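Chemist: File my_file.cif below, mmCIF, C-alpha atoms:
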data_data
loop_
_atom_site.group_PDB
_atom_site.id
_atom_site.type_symbol
_atom_site.label_atom_id
_atom_site.label_comp_id
_atom_site.auth_asym_id
_atom_site.auth_seq_id
_atom_site.Cartn_x
_atom_site.Cartn_y
_atom_site.Cartn_z
ATOM 1 C CA MET A 24 138.399 -101.076 56.636
ATOM 2 C CA ILE A 25 136.585 -98.212 54.901
ATOM 3 C CA ALA A 26 133.373 -98.364 52.861
ATOM 4 C CA LEU A 27 132.849 -95.960 49.976
ATOM 5 C CA SER A 28 129.090 -95.928 49.469
ATOM 6 C CA GLU A 29 126.739 -94.347 46.946
ATOM 7 C CA SER A 30 123.677 -95.526 48.894
ATOM 8 C CA THR A 31 121.665 -92.416 49.735
ATOM 9 C CA GLU A 32 117.976 -91.618 50.186
ATOM 10 C CA GLN A 33 117.951 -89.988 46.744
ATOM 11 C CA ILE A 34 118.620 -93.318 44.989
ATOM 12 C CA GLU A 35 115.573 -94.780 43.271
ATOM 13 C CA SER A 36 114.166 -97.783 45.138
ATOM 14 C CA SER A 37 115.090 -101.216 43.726
ATOM 15 C CA ALA A 38 116.298 -104.625 44.880
ATOM 16 C CA SER A 39 119.902 -103.595 44.199
ATOM 17 C CA ALA A 40 119.470 -100.313 46.078
ATOM 18 C CA SER A 41 118.088 -102.232 49.070
ATOM 19 C CA GLU A 42 121.079 -104.581 49.072
ATOM 20 C CA ASN A 43 123.522 -101.680 48.848
ATOM 21 C CA LYS A 44 121.805 -100.037 51.805
ATOM 22 C CA LEU A 45 122.104 -103.301 53.764
ATOM 23 C CA MET A 46 125.803 -103.555 52.937
ATOM 24 C CA THR A 47 126.401 -99.938 53.945
ATOM 25 C CA GLU A 48 124.576 -100.325 57.255
ATOM 26 C CA ALA A 49 126.356 -103.619 57.988
ATOM 27 C CA ALA A 50 129.711 -101.893 57.530
ATOM 28 C CA ARG A 51 128.658 -99.100 59.865
ATOM 29 C CA ILE A 52 127.295 -101.484 62.534
ATOM 30 C CA LEU A 53 130.564 -103.412 62.561
ATOM 31 C CA GLY A 54 132.570 -100.259 63.140
ATOM 32 C CA CYS A 55 133.837 -99.511 59.643
ATOM 33 C CA LYS A 56 134.103 -95.888 58.592
ATOM 34 C CA VAL A 57 131.582 -95.111 55.843
ATOM 35 C CA TYR A 58 132.038 -92.249 53.387
ATOM 36 C CA TYR A 59 129.350 -91.330 50.868
ATOM 37 C CA MET A 60 130.017 -90.163 47.333
ATOM 38 C CA PRO A 61 127.857 -89.184 44.337
ATOM 39 C CA ARG A 62 126.904 -91.794 41.722
ATOM 40 C CA ASP A 63 128.459 -89.790 38.884
ATOM 41 C CA PHE A 64 130.618 -86.751 38.229
ATOM 42 C CA GLN A 65 127.861 -84.559 36.755
ATOM 43 C CA ARG A 66 127.700 -82.264 39.780
ATOM 44 C CA CYS A 67 131.177 -82.645 41.249
ATOM 45 C CA GLY A 68 133.182 -82.838 38.010
ATOM 46 C CA THR A 69 135.983 -85.213 39.050
ATOM 47 C CA ALA A 70 136.740 -88.220 41.248
ATOM 48 C CA GLU A 71 138.926 -86.007 43.433
ATOM 49 C CA ASN A 72 135.964 -83.706 44.053
ATOM 50 C CA ALA A 73 133.721 -86.709 44.768
ATOM 51 C CA LEU A 74 136.072 -87.655 47.634
ATOM 52 C CA TRP A 75 136.958 -84.135 48.797
ATOM 53 C CA HIS A 76 135.426 -84.692 52.249
ATOM 54 C CA ILE A 77 137.559 -87.748 53.057
ATOM 55 C CA PRO A 78 140.614 -86.916 55.183
ATOM 56 C CA LYS A 79 143.967 -88.130 53.900
ATOM 57 C CA SER A 80 145.406 -90.933 56.021
ATOM 58 C CA ALA A 81 149.091 -91.441 56.682
ATOM 59 C CA ILE A 82 148.462 -95.181 56.987
ATOM 60 C CA GLU A 83 147.033 -96.996 53.980
ATOM 61 C CA THR A 84 143.650 -98.542 54.705
ATOM 62 C CA ALA A 85 141.687 -101.195 52.778
ATOM 63 C CA GLY A 86 138.514 -99.966 51.126
ATOM 64 C CA ILE A 87 135.409 -101.478 49.557
ATOM 65 C CA TRP A 88 133.152 -99.703 47.096
ATOM 66 C CA VAL A 89 129.451 -100.390 47.750
ATOM 67 C CA GLU A 90 127.224 -99.668 44.750
ATOM 68 C CA TYR A 91 126.113 -100.688 41.258
ATOM 69 C CA ILE A 92 128.661 -101.776 38.661
ATOM 70 C CA PRO A 93 130.458 -98.587 37.550
ATOM 71 C CA LYS A 94 131.859 -97.850 34.132
ATOM 72 C CA LEU A 95 135.506 -98.869 33.876
ATOM 73 C CA GLU A 96 136.640 -95.258 33.511
ATOM 74 C CA ARG A 97 134.808 -94.322 36.706
ATOM 75 C CA TYR A 98 136.324 -97.237 38.607
ATOM 76 C CA GLU A 99 139.816 -96.238 37.493
ATOM 77 C CA ALA A 100 139.239 -92.612 38.513
ATOM 78 C CA ILE A 101 137.797 -93.425 41.953
ATOM 79 C CA TYR A 102 140.517 -96.026 42.586
ATOM 80 C CA GLN A 103 143.273 -93.461 41.998
ATOM 81 C CA ALA A 104 141.500 -90.686 43.931
ATOM 82 C CA ALA A 105 140.929 -93.031 46.882
ATOM 83 C CA LEU A 106 144.557 -94.171 46.778
ATOM 84 C CA ALA A 107 145.664 -90.555 47.016
ATOM 85 C CA LYS A 108 143.621 -90.385 50.253
ATOM 86 C CA GLY A 109 145.309 -93.487 51.652
ATOM 87 C CA ILE A 110 142.469 -95.891 50.754
ATOM 88 C CA ARG A 111 143.275 -98.898 48.593
ATOM 89 C CA LEU A 112 140.251 -100.657 47.093
ATOM 90 C CA LEU A 113 140.561 -104.450 47.318
ATOM 91 C CA ASN A 114 140.810 -104.823 43.534
ATOM 92 C CA THR A 115 142.961 -102.755 41.188
ATOM 93 C CA PRO A 116 141.286 -101.473 37.992
ATOM 94 C CA LEU A 117 142.754 -104.375 35.995
ATOM 95 C CA GLU A 118 141.631 -106.916 38.614
ATOM 96 C CA HIS A 119 138.173 -105.331 38.666
ATOM 97 C CA GLN A 120 137.973 -105.580 34.887
ATOM 98 C CA THR A 121 139.295 -109.157 34.803
ATOM 99 C CA ALA A 122 136.685 -110.400 37.273
ATOM 100 C CA LEU A 123 133.834 -108.546 35.604
ATOM 101 C CA GLU A 124 134.356 -108.801 31.846
ATOM 102 C CA PHE A 125 133.715 -112.256 30.391
ATOM 103 C CA ASN A 126 136.259 -111.927 27.589
ATOM 104 C CA LEU A 127 138.999 -111.407 30.200
ATOM 105 C CA PHE A 128 138.070 -114.088 32.738
ATOM 106 C CA TYR A 129 137.042 -116.776 30.224
ATOM 107 C CA PRO A 130 140.614 -117.675 29.123
ATOM 108 C CA HIS A 131 141.455 -118.451 32.773
ATOM 109 C CA LEU A 132 138.415 -120.695 33.220
ATOM 110 C CA LYS A 133 138.441 -122.842 30.092
ATOM 111 C CA GLY A 134 137.513 -126.391 31.006
ATOM 112 C CA LEU A 135 135.590 -125.211 34.071
ATOM 113 C CA THR A 136 132.823 -123.342 32.239
ATOM 114 C CA PRO A 137 130.825 -123.941 29.016
ATOM 115 C CA GLU A 138 132.513 -123.239 25.677
ATOM 116 C CA SER A 139 131.948 -119.652 24.584
ATOM 117 C CA VAL A 140 132.703 -117.222 21.764
ATOM 118 C CA VAL A 141 133.201 -113.454 22.066
ATOM 119 C CA ILE A 142 131.964 -111.299 19.180
ATOM 120 C CA THR A 143 131.999 -107.554 18.538
ATOM 121 C CA SER A 144 129.664 -107.355 15.529
ATOM 122 C CA THR A 145 126.643 -109.182 14.111
ATOM 123 C CA ASP A 146 128.840 -110.260 11.170
ATOM 124 C CA GLU A 147 130.465 -112.809 13.500
ATOM 125 C CA CYS A 148 127.172 -114.506 14.454
ATOM 126 C CA ILE A 149 127.219 -117.047 11.630
ATOM 127 C CA GLU A 150 130.625 -118.426 12.569
ATOM 128 C CA ALA A 151 129.771 -118.465 16.294
ATOM 129 C CA GLY A 152 126.498 -120.314 15.687
ATOM 130 C CA GLU A 153 128.175 -122.888 13.464
ATOM 131 C CA LEU A 154 130.915 -123.477 16.028
ATOM 132 C CA LEU A 155 128.688 -123.894 19.092
ATOM 133 C CA GLY A 156 125.475 -125.195 17.543
ATOM 134 C CA PHE A 157 121.981 -124.042 18.473
ATOM 135 C CA PRO A 158 120.423 -123.189 20.853
ATOM 136 C CA VAL A 159 122.968 -120.846 22.474
ATOM 137 C CA PHE A 160 122.939 -118.539 25.514
ATOM 138 C CA VAL A 161 123.588 -114.861 24.732
ATOM 139 C CA LYS A 162 124.769 -112.135 27.134
ATOM 140 C CA GLY A 163 126.858 -108.993 27.317
ATOM 141 C CA THR A 164 130.448 -109.221 28.510
ATOM 142 C CA VAL A 165 129.317 -107.728 31.864
ATOM 143 C CA GLN A 166 125.671 -108.762 32.278
ATOM 144 C CA SER A 167 122.788 -110.668 30.732
ATOM 145 C CA ILE A 168 119.166 -109.505 30.674
ATOM 146 C CA LYS A 169 117.735 -112.705 32.132
ATOM 147 C CA MET A 170 115.438 -110.671 34.384
ATOM 148 C CA GLN A 171 113.386 -110.020 31.234
ATOM 149 C CA GLY A 172 112.945 -113.715 30.555
ATOM 150 C CA TRP A 173 114.293 -116.724 28.697
ATOM 151 C CA LYS A 174 113.718 -115.317 25.195
ATOM 152 C CA PHE A 175 116.123 -112.449 25.919
ATOM 153 C CA CYS A 176 118.911 -114.950 26.641
ATOM 154 C CA ILE A 177 118.409 -117.828 24.187
ATOM 155 C CA ALA A 178 118.879 -117.904 20.422
ATOM 156 C CA ASN A 179 117.485 -120.959 18.646
ATOM 157 C CA ASN A 180 118.759 -120.030 15.189
ATOM 158 C CA GLN A 181 120.905 -117.532 13.298
ATOM 159 C CA GLU A 182 118.102 -114.994 12.941
ATOM 160 C CA GLU A 183 117.468 -114.904 16.691
ATOM 161 C CA LEU A 184 121.208 -114.771 17.411
ATOM 162 C CA ILE A 185 121.698 -111.744 15.171
ATOM 163 C CA GLU A 186 118.709 -110.032 16.767
ATOM 164 C CA LEU A 187 120.005 -110.591 20.318
ATOM 165 C CA ALA A 188 123.562 -109.621 19.371
ATOM 166 C CA ARG A 189 122.289 -106.378 17.872
ATOM 167 C CA LEU A 190 120.318 -105.690 21.059
ATOM 168 C CA PHE A 191 123.309 -106.247 23.356
ATOM 169 C CA LEU A 192 125.626 -104.119 21.239
ATOM 170 C CA LYS A 193 123.202 -101.243 21.883
ATOM 171 C CA LEU A 194 123.207 -101.935 25.652
ATOM 172 C CA LYS A 195 126.668 -100.490 26.240
ATOM 173 C CA GLU A 196 126.696 -100.844 30.033
ATOM 174 C CA ARG A 197 125.987 -104.580 29.774
ATOM 175 C CA SER A 198 128.076 -105.407 26.716
ATOM 176 C CA ARG A 199 130.875 -102.807 26.640
ATOM 177 C CA GLY A 200 130.905 -103.512 22.914
ATOM 178 C CA GLN A 201 131.217 -107.293 23.255
ATOM 179 C CA VAL A 202 128.590 -110.032 23.071
ATOM 180 C CA ILE A 203 129.146 -113.492 24.573
ATOM 181 C CA ILE A 204 127.736 -116.540 22.793
ATOM 182 C CA ARG A 205 127.747 -119.585 25.091
ATOM 183 C CA LYS A 206 127.084 -123.255 24.483
ATOM 184 C CA LEU A 207 123.731 -123.919 26.169
ATOM 185 C CA VAL A 208 123.977 -126.511 28.934
ATOM 186 C CA LYS A 209 121.190 -128.097 30.974
ATOM 187 C CA LEU A 210 121.315 -127.110 34.632
ATOM 188 C CA ARG A 211 119.234 -128.700 37.378
ATOM 189 C CA HIS A 212 116.158 -126.744 38.451
ATOM 190 C CA GLN A 213 112.785 -127.240 40.135
ATOM 191 C CA ARG A 214 111.235 -123.796 39.806
ATOM 192 C CA LEU A 215 110.684 -121.091 37.213
ATOM 193 C CA ALA A 216 110.935 -117.373 37.947
ATOM 194 C CA PRO A 217 107.790 -115.278 37.274
ATOM 195 C CA ASN A 218 109.307 -114.352 33.897
ATOM 196 C CA GLY A 219 109.725 -118.030 33.009
ATOM 197 C CA PHE A 220 113.497 -118.187 33.525
ATOM 198 C CA PRO A 221 114.636 -121.498 35.097
ATOM 199 C CA MET A 222 115.816 -120.995 38.692
ATOM 200 C CA GLU A 223 118.793 -123.281 38.251
ATOM 201 C CA ARG A 224 120.792 -124.867 41.049
ATOM 202 C CA GLU A 225 123.427 -122.205 41.510
ATOM 203 C CA PHE A 226 125.497 -120.882 44.408
ATOM 204 C CA ARG A 227 127.421 -117.621 44.785
ATOM 205 C CA CYS A 228 130.759 -117.754 46.609
ATOM 206 C CA PHE A 229 132.524 -114.658 47.977
ATOM 207 C CA ILE A 230 136.280 -115.247 48.053
ATOM 208 C CA TYR A 231 139.206 -113.118 49.187
ATOM 209 C CA ASN A 232 142.756 -114.184 48.337
ATOM 210 C CA GLN A 233 141.611 -117.745 47.575
ATOM 211 C CA GLN A 234 139.851 -118.054 50.948
ATOM 212 C CA LEU A 235 136.097 -118.555 51.129
ATOM 213 C CA LEU A 236 134.283 -115.854 53.089
ATOM 214 C CA LYS A 237 130.629 -116.831 52.599
ATOM 215 C CA TYR A 238 128.458 -118.600 50.073
ATOM 216 C CA GLY A 239 124.715 -118.766 49.454
ATOM 217 C CA TYR A 240 122.002 -120.047 47.148
ATOM 218 C CA TYR A 241 121.663 -117.784 44.110
ATOM 219 C CA TRP A 242 117.873 -117.506 44.003
ATOM 220 C CA ASP A 243 115.360 -116.095 46.489
ATOM 221 C CA GLY A 244 113.118 -118.549 48.291
ATOM 222 C CA GLN A 245 113.723 -122.161 49.181
ATOM 223 C CA ASP A 246 113.600 -125.432 47.291
ATOM 224 C CA ASP A 247 115.253 -128.802 47.757
ATOM 225 C CA LEU A 248 118.121 -127.776 45.471
ATOM 226 C CA SER A 249 119.191 -125.003 47.859
ATOM 227 C CA LYS A 250 120.484 -127.588 50.343
ATOM 228 C CA LEU A 251 123.903 -129.133 49.832
ATOM 229 C CA SER A 252 125.160 -132.391 51.266
ATOM 230 C CA THR A 253 128.608 -132.354 52.854
ATOM 231 C CA GLN A 254 130.087 -133.891 49.695
ATOM 232 C CA GLN A 255 128.289 -131.440 47.400
ATOM 233 C CA GLU A 256 129.403 -128.475 49.496
ATOM 234 C CA LYS A 257 132.990 -129.681 49.201
ATOM 235 C CA GLN A 258 132.644 -129.938 45.409
ATOM 236 C CA VAL A 259 131.119 -126.475 45.064
ATOM 237 C CA LEU A 260 133.652 -124.726 47.266
ATOM 238 C CA SER A 261 136.639 -126.577 45.821
ATOM 239 C CA LEU A 262 135.644 -125.519 42.304
ATOM 240 C CA ALA A 263 135.112 -121.921 43.407
ATOM 241 C CA ILE A 264 138.545 -121.799 45.052
ATOM 242 C CA LEU A 265 140.165 -123.350 41.956
ATOM 243 C CA ALA A 266 138.532 -120.712 39.758
ATOM 244 C CA SER A 267 139.709 -117.929 42.073
ATOM 245 C CA GLU A 268 143.269 -119.280 41.980
ATOM 246 C CA ARG A 269 143.214 -119.254 38.188
ATOM 247 C CA LEU A 270 141.847 -115.713 38.076
ATOM 248 C CA GLY A 271 144.255 -114.200 40.567
ATOM 249 C CA VAL A 272 141.757 -111.462 41.535
ATOM 250 C CA PRO A 273 141.796 -110.714 45.298
ATOM 251 C CA TYR A 274 138.096 -110.070 46.003
ATOM 252 C CA VAL A 275 135.890 -112.068 43.668
ATOM 253 C CA ALA A 276 132.386 -113.542 43.528
ATOM 254 C CA ILE A 277 132.137 -116.859 41.693
ATOM 255 C CA ASP A 278 128.876 -118.532 40.685
ATOM 256 C CA ILE A 279 128.838 -122.341 40.590
ATOM 257 C CA GLY A 280 125.988 -124.302 38.967
ATOM 258 C CA GLN A 281 125.093 -127.993 38.680
ATOM 259 C CA LEU A 282 124.377 -129.740 35.394
ATOM 260 C CA GLU A 283 121.560 -132.272 35.121
ATOM 261 C CA SER A 284 124.333 -134.888 34.956
ATOM 262 C CA GLY A 285 125.392 -133.876 38.495
ATOM 263 C CA GLU A 286 128.665 -132.209 37.428
ATOM 264 C CA TRP A 287 129.462 -128.760 38.823
ATOM 265 C CA ILE A 288 130.609 -125.915 36.544
ATOM 266 C CA VAL A 289 131.589 -122.256 36.837
ATOM 267 C CA ILE A 290 128.796 -120.016 35.538
ATOM 268 C CA GLU A 291 130.593 -116.677 35.750
ATOM 269 C CA THR A 292 132.615 -114.383 38.007
ATOM 270 C CA ALA A 293 132.355 -110.773 39.192
ATOM 271 C CA ASP A 294 134.138 -108.141 41.230
ATOM 272 C CA ALA A 295 132.651 -109.020 44.628
ATOM 273 C CA GLN A 296 132.357 -105.334 45.549
ATOM 274 C CA PHE A 297 129.439 -105.104 43.094
ATOM 275 C CA ALA A 298 127.966 -108.616 43.339
ATOM 276 C CA GLY A 299 124.473 -109.224 44.722
ATOM 277 C CA LEU A 300 124.271 -110.894 48.121
ATOM 278 C CA CYS A 301 121.903 -113.682 47.031
ATOM 279 C CA GLN A 302 121.038 -115.481 50.309
ATOM 280 C CA ILE A 303 124.089 -114.254 52.196
ATOM 281 C CA SER A 304 123.836 -112.060 55.294
ATOM 282 C CA ALA A 305 125.449 -108.646 54.778
ATOM 283 C CA LEU A 306 126.516 -108.580 58.434
ATOM 284 C CA GLU A 307 128.150 -112.001 58.218
ATOM 285 C CA LEU A 308 129.982 -111.105 55.012
ATOM 286 C CA TRP A 309 131.311 -107.819 56.417
ATOM 287 C CA ASN A 310 132.305 -109.558 59.628
ATOM 288 C CA LYS A 311 134.429 -111.993 57.598
ATOM 289 C CA LEU A 312 135.974 -109.094 55.675
ATOM 290 C CA LYS A 313 136.792 -107.292 58.915
ATOM 291 C CA ASP A 314 138.499 -110.430 60.262
ATOM 292 C CA ILE A 315 140.926 -110.282 57.312
ATOM 293 C CA TYR A 316 142.099 -106.845 58.400
#
Let me see the structure of the file written as structure tokens.

Modeler:
Amino acid sequence: MIALSESTEQIESSASASENKLMTEAARILGCKVYYMPRDFQRCGTAENALWHIPKSAIETAGIWVEYIPKLERYEAIYQAALAKGIRLLNTPLEHQTALEFNLFYPHLKGLTPESVVITSTDECIEAGELLGFPVFVKGTVQSIKMQGWKFCIANNQEELIELARLFLKLKERSRGQVIIRKLVKLRHQRLAPNGFPMEREFRCFIYNQQLLKYGYYWDGQDDLSKLSTQQEKQVLSLAILASERLGVPYVAIDIGQLESGEWIVIETADAQFAGLCQISALELWNKLKDIY
């Protein structure tokens, strides 16, 4: 297996950059070939130029891209350039997009995740609010901005919904032109993040071809909710596998959360190449990936 990494010393320090460095080093320690590439095409011009230093292989090899979530156009370009070198990323561009963009994965997960509405303009806020009822959870089709706090995720009325929708439509990398309005559900939690966001009982599962690789508690630190009984673990993993079967995406990360009622639901999915590790060991995850190949 080959790792295509953008983790270099020039990258600005952040939690995500640290995780990407861990993933890159784990791949190297376990004997995977690591090739570095620039984060954009500003200096090199094209995807082909970004991968110029990688020798072409006569035998097709599996590849994983280690970095931040790229724009769809960049993923498509790197996927094709890598394929020309004999490296096939675990997810095709369509599979990458399906796992990452809410409007594409939601139809597959109806009944497993809270009711949601996809809008592309603030004009649609009134109908969405009337359908779901307030309060509602608001996010972009790719990402939320929950790191900035509860008020950047929750709309209690039409005025707040329009304001958040307008904000997300400006945040192109998070919304890609689409805003997701979700029915707000009550999830179990014991702690609040420093920004006041509830640290809800949630687990991230890394799955390849409907087989669990690793899973871990979503939040940093420990609380009683981070521990699963044997029965609870079975429920979490069974739901994650079911969601992965419905999606049909080879390498996927699926987040499972628990309602106050005790029921487990799917929170969202992602292309696992770009998903945060949560409380999962990078070495253990890469070791599982290596076992597949």

Chemist: Could you pull the residues within 9 Å of A:Ala266, counting all atoms listed in the file, minus those fewer than 2 positions along the same chain, as a PyMOL selection string?

Modeler: chain A and resi 131-132+135+233+261-264+268-271+277+289+292

Chemist: Determine the nearest neighbour of A:Cys176 from the options A:Arg111, A:Lys237, A:His212, A:Lys206, counting all atoms listed in the file.

Modeler: A:Lys206

Chemist: Skipping near chain neighbours, those fewer than 2 positions away, what residues fall within 12 Å of A:Leu117 using only C-alpha atoms, listed as an NGL selection string?

Modeler: :A and (95-96 or 98-99 or 102 or 112-115 or 119-124 or 127-128 or 270-273 or 294)

Chemist: Name the closest residue to A:Leu45 among the candidates A:Ile168, A:Val89, A:Arg214, A:Asn72; distances are taken between atoms, counting all atoms listed in the file.

Modeler: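 The shortest atom-to-atom distance to A:Leu45 comes from A:Val89.
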
Chemist: Considering all atoms listed in the file, return as a JSON list (two decimals) with C-alpha atoms, keeping the file's coordinate frame whatever protein or nucleic-acid residues lie within 9 Å of A:Pro93, sequence-local ones (same chain, fewer than 5 positions apart) excluded.

Modeler:
[["chain", "number", "residue", "atom", "x", "y", "z"],
["A", 62, "ARG", "CA", 126.90, -91.79, 41.72],
["A", 98, "TYR", "CA", 136.32, -97.24, 38.61],
["A", 196, "GLU", "CA", 126.70, -100.84, 30.03],
["A", 297, "PHE", "CA", 129.44, -105.10, 43.09]]

Chemist: Separation of atom CA of A:Thr84 and atom CA of A:Leu260, in Å?

Modeler: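 If I compute the distance from atom CA of A:Thr84 to atom CA of A:Leu260, I get 29.0 Å.
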
Chemist: Between atom CA of A:Asn218 and atom CA of A:Ser304, what distance in Å does the model show, to one decimal?

Modeler: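 Going from atom CA of A:Asn218 over to atom CA of A:Ser304 covers 26.0 Å.
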